[in-house]
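A.B. asks: Take this structure first; my questions come after.
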Amino acid sequence: MIKSLYIKDFALIDELEVAFEEGLNILTGQTGAGKSIIIGALNMILGERADTDVIRRGADKAIAEVTIRVGEEEELKQLFEENEVEFSEYVILRREIRGTGSRAFINDTPVNISVLKAAGDLLVDLHGQHDHQLLLKEENHLGVIDGFGEIEPILKSYQAEYRKMQELQKELRSLKKREHELQEKTELYRFQLQELEEARLADIDLEQLESEMNLLDNAEVLDQKAAAISEMADSDDGNIIQLLNFLKLNLEDLSRIEPEFKNYLEEINAARVSVNEAIAFAERYRNSIEFNPKRLEELRQRQSELNRLQKKYQRDLPDLIKYMHEIQRELSIADNFDLEIEKLENAISTQAEVLREHAVSLHKTRKKVGAKLGELIQKELAKVGIPHSKLDVRVDWLLSNNGWIEVDGKTIDCTETGCDDVRLYISTNKGEEPKPLAKIASGGEISRVMLALKSILAKEHSLPVMIFDEIDTGISGEISEKVGASMRKLSEYCQIIAITHQPQIASQAHKHYKVAKAEEGERTVSRIIPLSEEEHIREIASLMSGSQITDSALTSARELIEKNTFKN
């Protein structure tokens, strides 16, 4: 249950704190007093979208905070654990709106708005003024029966298989798309592959190619230079070997006299060895020089072809080889598309049968729950002045020419929420056949159907708190009294906070609060005031007679309160 609500600098509210009690908490007040502002603040706390316009003029931020006492809520504990929020008996949900954005907290731990909303959904059901209009849209009828816990595990199992089918279908579409694209490119790929394979790219070693070309291209220069070196040993004109021998002999003589010449002697000896080796290598090398203009031309052509391919494909040699392998793979896939598509289609056929089994199970469960809901709604509607109602929850297959599964020879469409078309049909008069809810129910009847649904789902899910913002739309008098009695009875299962203009409903409150506007200085503020027993009577009387409260109105208010208190 909500223990307290704190609001600061939100619209007309400067600062407000109110404690709520167990049972039925009723809020009344004149139009424009600020009741909708309080509901707006609660909506903000529960994670709904909030505009910066709600910040009170002159303030930096708007704050709304609610403290809720919870029980052993396993799903809530799991949510808190996943988001590293400490769990305790009292949960504090807080929202701050600034000009630059909003912040959310649970038990003083910053959280994303989505986490705040998830927690709010597990703790509070807030029914706004226009929410009952959702029943008038048939696309919302599926959600009505799926609110029953019996359906949830079966729906989750179906959805798991649905997602598998989605992935297979997506893969098949992608494969067929690639097949179509490859068919358009196959001829080009085959030409490119032939061109690249003929170039024997894998056999090309760029360094080796350039080195061999360099040697062949400079064969004459190499031969001439090597010949010149080898001839130096036989030259009569300044023979270098003779010169080195001459230096060696003289340095030997000198070093015997002056030891410092020994270092130079060693260097001359080394030079003699190196020169002899160089001359010998030059002589040998001349024999290995290849004069092969034909081979040189072949290499030049190969280099030219490689340059052409690199320029054409805008890739260097390694990337050309990689691209060639990619083409090979693509053509291999193209050649095996039929086989791959057949494999996928077989997998889809198998998955369709699995999906069908889960869809049938979900369909049967929804029919079962729909029948149960119809009986429960009829009982609840009888309590609020519709004694001869009949609610028919019709669960039919979604038919489609392009559906994924077949049931009883019919092709059925599958969606994330199942394969069912759910519509609510109702009769509110004895002897009349049920007709579409959206077409025959009046505003007052829709309000009572919604209250009946909320009553059933509250018991089903054990929600701690339910908030009703003028669910009494379109009803009055005796019917209002019955609606109030139904809400008071429902408050045995969960705390109820309700805004109403009906004295018959307000008279049944366990605790009554008045929302009022007041002028303080140059500003208008909204206040929420817990009423004493006597103030409760006067507020009921004012709802009955207006601002001029007469003695007879007070008497009638006391009688109404006593009757409803005794009855409940």
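Residues in the structure tokens are numbered from 1 in each chain, the chains being A, B, ... in the order shown, and ligands are numbered from 1 in the order shown.
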Would you pick out the contacts of stretch 99-106 of chain A at 12 Å or less, using only C-alpha atoms, so that residues sharing its chain but fewer than 2 positions from it are not included, and give the list as a PyMOL selection string?
C.D. replies: chain A and resi 44-68+76+79-80+83-88+90-97+108-120
A.B. asks: At a cut-off of 6 Å, using only C-alpha atoms, what residues contact stretch 390-402 of chain A? Leave out same-chain residues fewer than 3 positions from it and give the result as an mmCIF file with N, CA and C atoms, in the first residue's frame.
C.D. replies:
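Below is the file that was written, around_22.cif:
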```
data_model
loop_
_atom_site.group_PDB
_atom_site.id
_atom_site.type_symbol
_atom_site.label_atom_id
_atom_site.label_comp_id
_atom_site.auth_asym_id
_atom_site.auth_seq_id
_atom_site.Cartn_x
_atom_site.Cartn_y
_atom_site.Cartn_z
ATOM 1 N N LYS A 367 -9.250 -19.453 -24.751
ATOM 2 C CA LYS A 367 -10.688 -19.774 -24.780
ATOM 3 C C LYS A 367 -11.181 -20.130 -23.378
ATOM 4 N N GLY A 370 -11.123 -17.048 -21.314
ATOM 5 C CA GLY A 370 -12.200 -16.173 -21.781
ATOM 6 C C GLY A 370 -13.545 -16.585 -21.211
ATOM 7 N N GLY A 374 -15.728 -14.370 -18.612
ATOM 8 C CA GLY A 374 -17.123 -14.033 -18.872
ATOM 9 C C GLY A 374 -18.003 -14.265 -17.654
ATOM 10 N N GLN A 378 -19.756 -11.250 -15.325
ATOM 11 C CA GLN A 378 -21.211 -11.234 -15.102
ATOM 12 C C GLN A 378 -21.534 -11.077 -13.618
ATOM 13 N N THR A 411 -5.090 -21.549 -43.111
ATOM 14 C CA THR A 411 -3.787 -20.895 -42.948
ATOM 15 C C THR A 411 -3.918 -19.788 -41.912
ATOM 16 N N ILE A 412 -3.064 -19.862 -40.905
ATOM 17 C CA ILE A 412 -3.178 -18.961 -39.752
ATOM 18 C C ILE A 412 -1.996 -17.999 -39.683
ATOM 19 N N ASP A 413 -2.315 -16.739 -39.420
ATOM 20 C CA ASP A 413 -1.278 -15.714 -39.266
ATOM 21 C C ASP A 413 -0.734 -15.770 -37.844
ATOM 22 N N CYS A 419 -1.681 -16.154 -32.264
ATOM 23 C CA CYS A 419 -2.376 -16.312 -33.549
ATOM 24 C C CYS A 419 -3.877 -16.101 -33.384
ATOM 25 N N ASP A 420 -4.253 -15.313 -32.392
ATOM 26 C CA ASP A 420 -5.666 -15.182 -32.030
ATOM 27 C C ASP A 420 -6.215 -13.785 -32.242
ATOM 28 N N ASP A 421 -7.468 -13.751 -32.656
ATOM 29 C CA ASP A 421 -8.236 -12.507 -32.756
ATOM 30 C C ASP A 421 -9.236 -12.536 -31.605
ATOM 31 N N VAL A 422 -9.054 -11.656 -30.610
ATOM 32 C CA VAL A 422 -9.902 -11.664 -29.406
ATOM 33 C C VAL A 422 -10.798 -10.442 -29.410
ATOM 34 N N ARG A 423 -12.087 -10.684 -29.255
ATOM 35 C CA ARG A 423 -13.055 -9.586 -29.192
ATOM 36 C C ARG A 423 -14.058 -9.841 -28.071
ATOM 37 N N LEU A 424 -14.417 -8.743 -27.405
ATOM 38 C CA LEU A 424 -15.392 -8.838 -26.321
ATOM 39 C C LEU A 424 -16.778 -8.469 -26.845
ATOM 40 N N TYR A 425 -17.728 -9.367 -26.593
ATOM 41 C CA TYR A 425 -19.135 -9.128 -26.935
ATOM 42 C C TYR A 425 -19.916 -9.088 -25.633
ATOM 43 N N ILE A 426 -20.897 -8.198 -25.572
ATOM 44 C CA ILE A 426 -21.628 -8.045 -24.322
ATOM 45 C C ILE A 426 -23.107 -7.785 -24.570
ATOM 46 N N SER A 427 -23.895 -8.272 -23.646
ATOM 47 C CA SER A 427 -25.329 -7.934 -23.596
ATOM 48 C C SER A 427 -25.594 -7.436 -22.189
#
```
A.B. asks: Find, counting only C-alpha atoms, the residue in A:His510, A:Lys379, A:Lys176, A:Arg284 that gets nearest to A:Glu21.
C.D. replies: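 Under the stated criterion, the closest residue is A:His510.
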A.B. asks: Which one of A:Asn346, A:Leu531, A:Ala334, A:Val525 sits closest to A:Gln183 if you count only C-alpha atoms?
C.D. replies: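 So, comparing all the options, the nearest one is A:Ala334.
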A.B. asks: Of the candidates A:Lys8, A:Lys77, A:Lys383, A:Lys35, which one gets nearest to A:Phe468 if we count only C-alpha atoms?
C.D. replies: A:Lys35
A.B. asks: Go through A:Ala516, A:Leu309, A:Leu188, A:Leu254 and flag the residue nearest A:Ile528, using only C-alpha atoms for the distances.
C.D. replies: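 Looking only at the distances to A:Ile528, the closest residue turns out to be A:Ala516.
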A.B. asks: Got a sec to tell me which of stretch 335-415 of chain A DSSP assigns to helix (DSSP H, G or I), as a PyMOL selection string?
C.D. replies: chain A and resi 335+337-383
A.B. asks: Do a neighbour search on A:Lys514 at 8 Å with only C-alpha atoms, toss out local chain neighbours closer than 2 positions, and write the hits as a ChimeraX atom specification.
C.D. replies: /A:27-29,512,516,528-531,539
A.B. asks: From a DSSP calculation on the backbone, collect every residue of stretch 6-200 of chain A in strand (DSSP E or B) and output the set as a count of residues only.
C.D. replies: 49
A.B. asks: Which distance in Å separates atom CA of A:Glu340 and atom CA of A:Trp404, to one decimal?
C.D. replies: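 Interatomic distance here is 19.9 Å.
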A.B. asks: For A:Leu135, which residue out of A:Leu451, A:Ile154, A:Leu175, A:Ala19 is the nearest one, using only C-alpha atoms?
C.D. replies: A:Leu451
A.B. asks: Please provide the set of residues having any atom within 8 Å of A:Arg488, restricted to only C-alpha atoms, with same-chain residues fewer than 2 positions apart removed, written as a PyMOL selection string.
C.D. replies: chain A and resi 23-24+484-486+490-492+508-509+568
A.B. asks: Just the number, please: distance in Å from atom CA of A:Arg256 to atom CA of A:Val275, one decimal.
C.D. replies: 25.3 Å
A.B. asks: Rounded to one decimal, what separation in Å do you get between atom CA of A:Ala452 and atom CA of A:Leu437?
C.D. replies: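 Going from atom CA of A:Ala452 over to atom CA of A:Leu437, I get 14.2 Å.
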A.B. asks: Between A:Leu265, A:Glu82, A:Arg300, A:Lys177, which residue has the minimum interatomic distance to A:Glu252, considering only C-alpha atoms?
C.D. replies: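 Among the listed residues, A:Leu265 lies closest to A:Glu252.
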A.B. asks: Would you tabulate, counting only C-alpha atoms, all residues of stretch 512-566 of chain A that have an atom at most 8 Å from an atom of stretch 30-34 of chain A, showing the closest pair of atoms and their distance in Å to one decimal, sorted by chain then ascending number, as JSON lines?
C.D. replies:
```
{"residue": "A:Val515", "atom": "CA", "partner": "A:Ala33", "partner_atom": "CA", "distance": 6.0}
{"residue": "A:Ala516", "atom": "CA", "partner": "A:Ala33", "partner_atom": "CA", "distance": 4.9}
{"residue": "A:Lys517", "atom": "CA", "partner": "A:Ala33", "partner_atom": "CA", "distance": 5.1}
{"residue": "A:Ser526", "atom": "CA", "partner": "A:Gly34", "partner_atom": "CA", "distance": 5.8}
{"residue": "A:Arg527", "atom": "CA", "partner": "A:Gly34", "partner_atom": "CA", "distance": 7.9}
```
A.B. asks: Find the spatial neighbours of A:Arg302, counting only C-alpha atoms, within a cut-off of 10 Å - ignore same-chain residues fewer than 6 positions away - and output them as a VMD selection string.
C.D. replies: chain A and resid 199 to 200 204 209 296 308
A.B. asks: Just the residues within 10 Å of A:Leu196, please, counting only C-alpha atoms, with nothing from its chain fewer than 4 positions along; format it as a list of chain:residue names.
C.D. replies: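 Counting only the stated atoms, we get A:Arg190, A:Phe191, A:Gln192, A:Arg200, A:Leu201, A:Ala202, A:Leu306, A:Leu309, A:Leu320, A:Ile321, A:Tyr323, A:Met324, A:His325.
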